[in-house]
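Everything below concerns the one structure shown next.
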Amino acid sequence: MSKEETARLVERLAGELTPEVADPGAKLSDFGDERRRRVDSLARLRAALDVEELVAGAAAQQAESAAVETVWLGASLADLSAVTGRTRQAARKRWPGLGSIHRRRKWLGDHVEEITHAAGQLAAHAGDLAPKSGGEAFDERLRLLREGLDRCARDFADEAEAPGDPAGRWRALDELVGTTMRGLIGAAGEPATGEAGFALHLATGVVGYYDHATADRRG
């Protein structure tokens, strides 16, 4: 969109607003209907300022969304710096959550097979991990685990098509290990077999590794 097109859009948006402003009163230098014209102009100024705030807020939100998606897709803060023309520290200050996303994405990218293997072992031995009582939470987390595994199989297949959400596969994988597996481990009962115990131990190790690798150690 050109500057001219942007200006016309802003002008149209401002024209759709009808703010009320106080009449500052007559001026000694007023000529004819200048008082009315002045009030109308003040109203247009108020509308323009309101649009300026709305547009700036929407643009900032769009920029943050794009920055977050880019990091989920594997970009580093140095890559963002090259695009924004600002330092990595400036990007981290403007979007504080990017550091956490970068650490998670980096770890996830190196451990897709380990995560899905551990999650698959949990699912395979779920019958021997179910608690003796209060199993509703366990059953719900097991359902989410199986859905997450199914999605991983689709998302990380060699012939996987680009999703509508380009970074959705990484968000889903992060949810699988950071929330779903963690929740299932917490809801599991005493393992009924050695294989189930190993599956629980394996999954616990993966989640612990995730926590260690993605922790913020600054300061």
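Chain labels run A, B, ... following the order of the structure tokens; each chain numbers its residues from 1, and ligands are numbered from 1 in the order shown.
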
Please report as a Markdown table every residue of segment 90-197 of chain A lying within 12 Å of segment 68-78 of chain A, along with the nearest atom pair and their distance in Å (one decimal), using only C-alpha atoms.
```
| residue | atom | partner | partner_atom | distance |
| --- | --- | --- | --- | --- |
| A:Ala90 | CA | A:Leu77 | CA | 9.6 |
| A:Ala91 | CA | A:Leu77 | CA | 7.1 |
| A:Arg92 | CA | A:Leu77 | CA | 7.7 |
| A:Lys93 | CA | A:Leu77 | CA | 11.2 |
| A:Arg94 | CA | A:Val68 | CA | 11.6 |
| A:Trp95 | CA | A:Val68 | CA | 8.3 |
| A:Pro96 | CA | A:Val68 | CA | 10.3 |
| A:Gly97 | CA | A:Val68 | CA | 8.1 |
| A:Leu98 | CA | A:Val68 | CA | 6.4 |
| A:Gly99 | CA | A:Leu77 | CA | 8.1 |
| A:Ser100 | CA | A:Val71 | CA | 9.9 |
| A:Ile101 | CA | A:Trp72 | CA | 6.5 |
| A:His102 | CA | A:Val71 | CA | 5.9 |
| A:Arg103 | CA | A:Val71 | CA | 9.6 |
| A:Arg104 | CA | A:Trp72 | CA | 8.5 |
| A:Arg105 | CA | A:Trp72 | CA | 5.9 |
| A:Lys106 | CA | A:Gly74 | CA | 7.1 |
| A:Trp107 | CA | A:Gly74 | CA | 10.5 |
| A:Leu108 | CA | A:Trp72 | CA | 10.1 |
| A:Gly109 | CA | A:Gly74 | CA | 8.4 |
| A:Asp110 | CA | A:Gly74 | CA | 11.4 |
| A:Asp165 | CA | A:Glu69 | CA | 9.0 |
| A:Pro166 | CA | A:Leu73 | CA | 7.6 |
| A:Ala167 | CA | A:Leu73 | CA | 5.7 |
| A:Gly168 | CA | A:Trp72 | CA | 8.6 |
| A:Arg169 | CA | A:Trp72 | CA | 9.3 |
| A:Trp170 | CA | A:Trp72 | CA | 6.6 |
| A:Arg171 | CA | A:Trp72 | CA | 7.6 |
| A:Ala172 | CA | A:Trp72 | CA | 11.1 |
| A:Leu173 | CA | A:Trp72 | CA | 11.2 |
| A:Asp174 | CA | A:Trp72 | CA | 10.3 |
```

Same residues, C-alpha atoms, saved as a PDB file, in the first residue's frame:
```pdb
ATOM      1  CA  ALA A  90      16.081  -3.818  21.261  1.00  0.00           C
ATOM      2  CA  ALA A  91      14.002  -6.656  19.814  1.00  0.00           C
ATOM      3  CA  ARG A  92      14.083  -8.493  23.153  1.00  0.00           C
ATOM      4  CA  LYS A  93      13.029  -5.328  24.976  1.00  0.00           C
ATOM      5  CA  ARG A  94      10.172  -4.579  22.575  1.00  0.00           C
ATOM      6  CA  TRP A  95       8.935  -8.189  22.520  1.00  0.00           C
ATOM      7  CA  PRO A  96       9.961  -9.733  25.860  1.00  0.00           C
ATOM      8  CA  GLY A  97       8.490 -13.153  25.079  1.00  0.00           C
ATOM      9  CA  LEU A  98      10.736 -13.830  22.088  1.00  0.00           C
ATOM     10  CA  GLY A  99      13.618 -15.159  24.158  1.00  0.00           C
ATOM     11  CA  SER A 100      11.470 -17.883  25.669  1.00  0.00           C
ATOM     12  CA  ILE A 101      10.007 -18.798  22.286  1.00  0.00           C
ATOM     13  CA  HIS A 102      13.477 -18.965  20.724  1.00  0.00           C
ATOM     14  CA  ARG A 103      14.761 -21.316  23.427  1.00  0.00           C
ATOM     15  CA  ARG A 104      11.717 -23.573  23.142  1.00  0.00           C
ATOM     16  CA  ARG A 105      11.750 -23.642  19.339  1.00  0.00           C
ATOM     17  CA  LYS A 106      15.473 -24.414  19.261  1.00  0.00           C
ATOM     18  CA  TRP A 107      15.077 -27.320  21.679  1.00  0.00           C
ATOM     19  CA  LEU A 108      11.939 -28.650  20.025  1.00  0.00           C
ATOM     20  CA  GLY A 109      13.593 -28.593  16.614  1.00  0.00           C
ATOM     21  CA  ASP A 110      16.356 -30.867  17.892  1.00  0.00           C
ATOM     22  CA  ASP A 165      -0.854 -21.367  10.573  1.00  0.00           C
ATOM     23  CA  PRO A 166       2.769 -21.622   9.352  1.00  0.00           C
ATOM     24  CA  ALA A 167       4.172 -22.061  12.873  1.00  0.00           C
ATOM     25  CA  GLY A 168       1.258 -24.110  14.218  1.00  0.00           C
ATOM     26  CA  ARG A 169       3.185 -27.377  14.246  1.00  0.00           C
ATOM     27  CA  TRP A 170       5.741 -25.968  16.672  1.00  0.00           C
ATOM     28  CA  ARG A 171       3.139 -24.470  18.974  1.00  0.00           C
ATOM     29  CA  ALA A 172       1.323 -27.808  19.010  1.00  0.00           C
ATOM     30  CA  LEU A 173       4.531 -29.722  19.737  1.00  0.00           C
ATOM     31  CA  ASP A 174       5.355 -27.298  22.548  1.00  0.00           C
TER      32      ASP A 174
END
```

Counting only C-alpha atoms, which residues of segment 172-208 of chain A fall within 8 Å of segment 139-145 of chain A, and what is the closest atom pair for each with its distance in Å at one decimal, ordered by chain and rising number, as JSON lines?
```
{"residue": "A:Leu176", "atom": "CA", "partner": "A:Leu145", "partner_atom": "CA", "distance": 6.8}
{"residue": "A:Thr180", "atom": "CA", "partner": "A:Leu145", "partner_atom": "CA", "distance": 6.0}
{"residue": "A:Met181", "atom": "CA", "partner": "A:Leu145", "partner_atom": "CA", "distance": 6.9}
{"residue": "A:Gly183", "atom": "CA", "partner": "A:Arg141", "partner_atom": "CA", "distance": 6.5}
{"residue": "A:Leu184", "atom": "CA", "partner": "A:Arg141", "partner_atom": "CA", "distance": 5.4}
```

Counting only C-alpha atoms, the residue among A:Val51, A:Ala82, A:Ala213, A:Val177 that lies closest to Val112 of chain A is A:Val177

At a cut-off of 9 Å, using only C-alpha atoms, what residues contact Asp23 of chain A? Leave out same-chain residues fewer than 6 positions from it and give the result as a PDB file with C-alpha atoms, in the first residue's frame.
```
ATOM      1  CA  ARG A  35     -16.448  29.736  15.266  1.00  0.00           C
ATOM      2  CA  ARG A  36     -18.468  26.824  13.851  1.00  0.00           C
ATOM      3  CA  ARG A  38     -13.192  25.931  14.280  1.00  0.00           C
ATOM      4  CA  VAL A  39     -15.313  23.485  16.316  1.00  0.00           C
ATOM      5  CA  LEU A  42     -11.280  20.476  16.365  1.00  0.00           C
TER       6      LEU A  42
END
```

Using only C-alpha atoms, the residue out of A:Ala47, A:Glu4, A:Thr84, A:Ile115 with shortest distance to Tyr209 of chain A is A:Ile115

- request: Would you mind listing what lies within 12 Å of segment 5-15 of chain A as number ranges by chain, with only C-alpha atoms counted and same-chain residues fewer than 3 positions away left out?
  value: A: 1-2, 18-19, 40-41, 43-56

Contacts of segment 201-203 of chain A at 10 Å or less, counting only C-alpha atoms, minus same-chain residues fewer than 3 places along, as a PDB file with C-alpha atoms, in the first residue's frame?
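Generated file (result_21.pdb):
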```pdb
ATOM      1  CA  GLU A 114      12.473 -38.008  21.259  1.00  0.00           C
ATOM      2  CA  ILE A 115       9.276 -36.182  22.179  1.00  0.00           C
ATOM      3  CA  THR A 116       7.023 -38.248  19.953  1.00  0.00           C
ATOM      4  CA  HIS A 117       8.703 -41.485  21.044  1.00  0.00           C
ATOM      5  CA  ALA A 118       8.235 -40.686  24.744  1.00  0.00           C
ATOM      6  CA  ALA A 119       4.652 -39.550  24.172  1.00  0.00           C
ATOM      7  CA  GLY A 120       3.986 -42.710  22.167  1.00  0.00           C
ATOM      8  CA  GLN A 121       5.299 -44.887  24.992  1.00  0.00           C
ATOM      9  CA  LEU A 122       2.997 -43.097  27.435  1.00  0.00           C
ATOM     10  CA  VAL A 177       5.553 -31.777  25.746  1.00  0.00           C
ATOM     11  CA  MET A 181       2.786 -34.840  28.755  1.00  0.00           C
ATOM     12  CA  ARG A 182       3.447 -32.943  31.967  1.00  0.00           C
ATOM     13  CA  LEU A 184      -0.454 -36.879  32.157  1.00  0.00           C
ATOM     14  CA  ILE A 185       2.663 -37.611  34.214  1.00  0.00           C
ATOM     15  CA  GLU A 195       7.274 -51.293  30.811  1.00  0.00           C
ATOM     16  CA  ALA A 196       4.791 -48.733  32.075  1.00  0.00           C
ATOM     17  CA  GLY A 197       7.280 -47.597  34.691  1.00  0.00           C
ATOM     18  CA  PHE A 198       9.942 -47.138  32.023  1.00  0.00           C
ATOM     19  CA  VAL A 206      11.988 -35.563  28.421  1.00  0.00           C
ATOM     20  CA  VAL A 207       9.851 -32.999  30.245  1.00  0.00           C
ATOM     21  CA  GLY A 208      12.673 -32.337  32.712  1.00  0.00           C
ATOM     22  CA  TYR A 209      15.127 -31.849  29.838  1.00  0.00           C
TER      23      TYR A 209
END
```

Discussion item. Among segment 107-139 of chain A, which residues does DSSP mark as helix (DSSP H, G or I) when it is run on the backbone? Keep the chain and numbering as in the structure and answer as JSON, numbers by chain.
Written reply: {"A": [107, 108, 109, 110, 112, 113, 114, 115, 116, 117, 118, 119, 120, 121, 122, 123, 124, 126, 127, 128, 136, 137, 138, 139]}

Preceding selection exported with N, CA, C and O atoms as a tab-separated table (two decimals), in the first residue's frame:
```
chain	number	residue	atom	x	y	z
A	107	TRP	N	15.05	-25.99	21.06
A	107	TRP	CA	15.08	-27.32	21.68
A	107	TRP	C	14.11	-28.27	20.98
A	107	TRP	O	14.46	-29.42	20.69
A	108	LEU	N	12.93	-27.81	20.70
A	108	LEU	CA	11.94	-28.65	20.03
A	108	LEU	C	12.45	-29.13	18.68
A	108	LEU	O	12.27	-30.30	18.30
A	109	GLY	N	13.10	-28.23	17.93
A	109	GLY	CA	13.59	-28.59	16.61
A	109	GLY	C	14.62	-29.71	16.64
A	109	GLY	O	14.76	-30.47	15.67
A	110	ASP	N	15.33	-29.83	17.75
A	110	ASP	CA	16.36	-30.87	17.89
A	110	ASP	C	15.83	-32.16	18.50
A	110	ASP	O	16.56	-33.15	18.57
A	112	VAL	N	12.32	-33.59	18.07
A	112	VAL	CA	11.00	-34.03	17.62
A	112	VAL	C	10.83	-35.54	17.83
A	112	VAL	O	9.81	-36.00	18.38
A	113	GLU	N	11.81	-36.31	17.43
A	113	GLU	CA	11.69	-37.77	17.53
A	113	GLU	C	11.64	-38.23	18.98
A	113	GLU	O	10.87	-39.13	19.33
A	114	GLU	N	12.46	-37.61	19.84
A	114	GLU	CA	12.47	-38.01	21.26
A	114	GLU	C	11.13	-37.71	21.92
A	114	GLU	O	10.62	-38.51	22.70
A	115	ILE	N	10.57	-36.57	21.59
A	115	ILE	CA	9.28	-36.18	22.18
A	115	ILE	C	8.18	-37.15	21.74
A	115	ILE	O	7.42	-37.67	22.57
A	116	THR	N	8.09	-37.38	20.45
A	116	THR	CA	7.02	-38.25	19.95
A	116	THR	C	7.21	-39.69	20.42
A	116	THR	O	6.23	-40.40	20.67
A	117	HIS	N	8.46	-40.13	20.55
A	117	HIS	CA	8.70	-41.48	21.04
A	117	HIS	C	8.24	-41.61	22.49
A	117	HIS	O	7.54	-42.57	22.86
A	118	ALA	N	8.63	-40.64	23.33
A	118	ALA	CA	8.24	-40.69	24.74
A	118	ALA	C	6.72	-40.58	24.89
A	118	ALA	O	6.11	-41.30	25.69
A	119	ALA	N	6.10	-39.69	24.11
A	119	ALA	CA	4.65	-39.55	24.17
A	119	ALA	C	3.98	-40.83	23.69
A	119	ALA	O	2.95	-41.26	24.25
A	120	GLY	N	4.54	-41.46	22.66
A	120	GLY	CA	3.99	-42.71	22.17
A	120	GLY	C	4.07	-43.83	23.19
A	120	GLY	O	3.15	-44.65	23.31
A	121	GLN	N	5.16	-43.88	23.94
A	121	GLN	CA	5.30	-44.89	24.99
A	121	GLN	C	4.27	-44.66	26.10
A	121	GLN	O	3.68	-45.62	26.61
A	122	LEU	N	4.03	-43.39	26.44
A	122	LEU	CA	3.00	-43.10	27.43
A	122	LEU	C	1.63	-43.58	26.95
A	122	LEU	O	0.88	-44.21	27.70
A	123	ALA	N	1.33	-43.28	25.70
A	123	ALA	CA	0.03	-43.69	25.15
A	123	ALA	C	-0.09	-45.21	25.08
A	123	ALA	O	-1.15	-45.77	25.39
A	124	ALA	N	1.00	-45.87	24.71
A	124	ALA	CA	0.96	-47.32	24.55
A	124	ALA	C	0.76	-48.05	25.88
A	124	ALA	O	0.15	-49.12	25.93
A	126	ALA	N	-0.68	-46.61	28.65
A	126	ALA	CA	-1.59	-45.83	29.47
A	126	ALA	C	-2.46	-46.70	30.36
A	126	ALA	O	-2.77	-46.34	31.50
A	127	GLY	N	-2.84	-47.88	29.84
A	127	GLY	CA	-3.70	-48.76	30.64
A	127	GLY	C	-3.04	-49.21	31.93
A	127	GLY	O	-3.74	-49.50	32.91
A	128	ASP	N	-1.72	-49.24	31.96
A	128	ASP	CA	-0.99	-49.66	33.16
A	128	ASP	C	-0.49	-48.47	33.97
A	128	ASP	O	0.30	-48.62	34.90
A	136	GLU	N	-10.51	-39.25	35.92
A	136	GLU	CA	-11.08	-38.39	34.88
A	136	GLU	C	-10.01	-37.46	34.28
A	136	GLU	O	-9.94	-37.29	33.05
A	137	ALA	N	-9.18	-36.89	35.15
A	137	ALA	CA	-8.13	-35.99	34.67
A	137	ALA	C	-7.13	-36.76	33.81
A	137	ALA	O	-6.67	-36.26	32.77
A	138	PHE	N	-6.80	-37.96	34.22
A	138	PHE	CA	-5.88	-38.79	33.46
A	138	PHE	C	-6.46	-39.11	32.08
A	138	PHE	O	-5.77	-39.01	31.07
A	139	ASP	N	-7.73	-39.49	32.04
A	139	ASP	CA	-8.37	-39.84	30.77
A	139	ASP	C	-8.40	-38.65	29.81
A	139	ASP	O	-8.19	-38.81	28.60
```

Between A:Glu190, A:Glu147, A:Glu161, A:Glu20, smallest distance to Glu175 of chain A by only C-alpha atoms belongs to A:Glu147

Checklist entry - Mind pulling up the distance from atom CA of Arg86 of chain A to atom CA of Gln61 of chain A? => result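 That distance, rounded to one decimal, is 18.2 Å.
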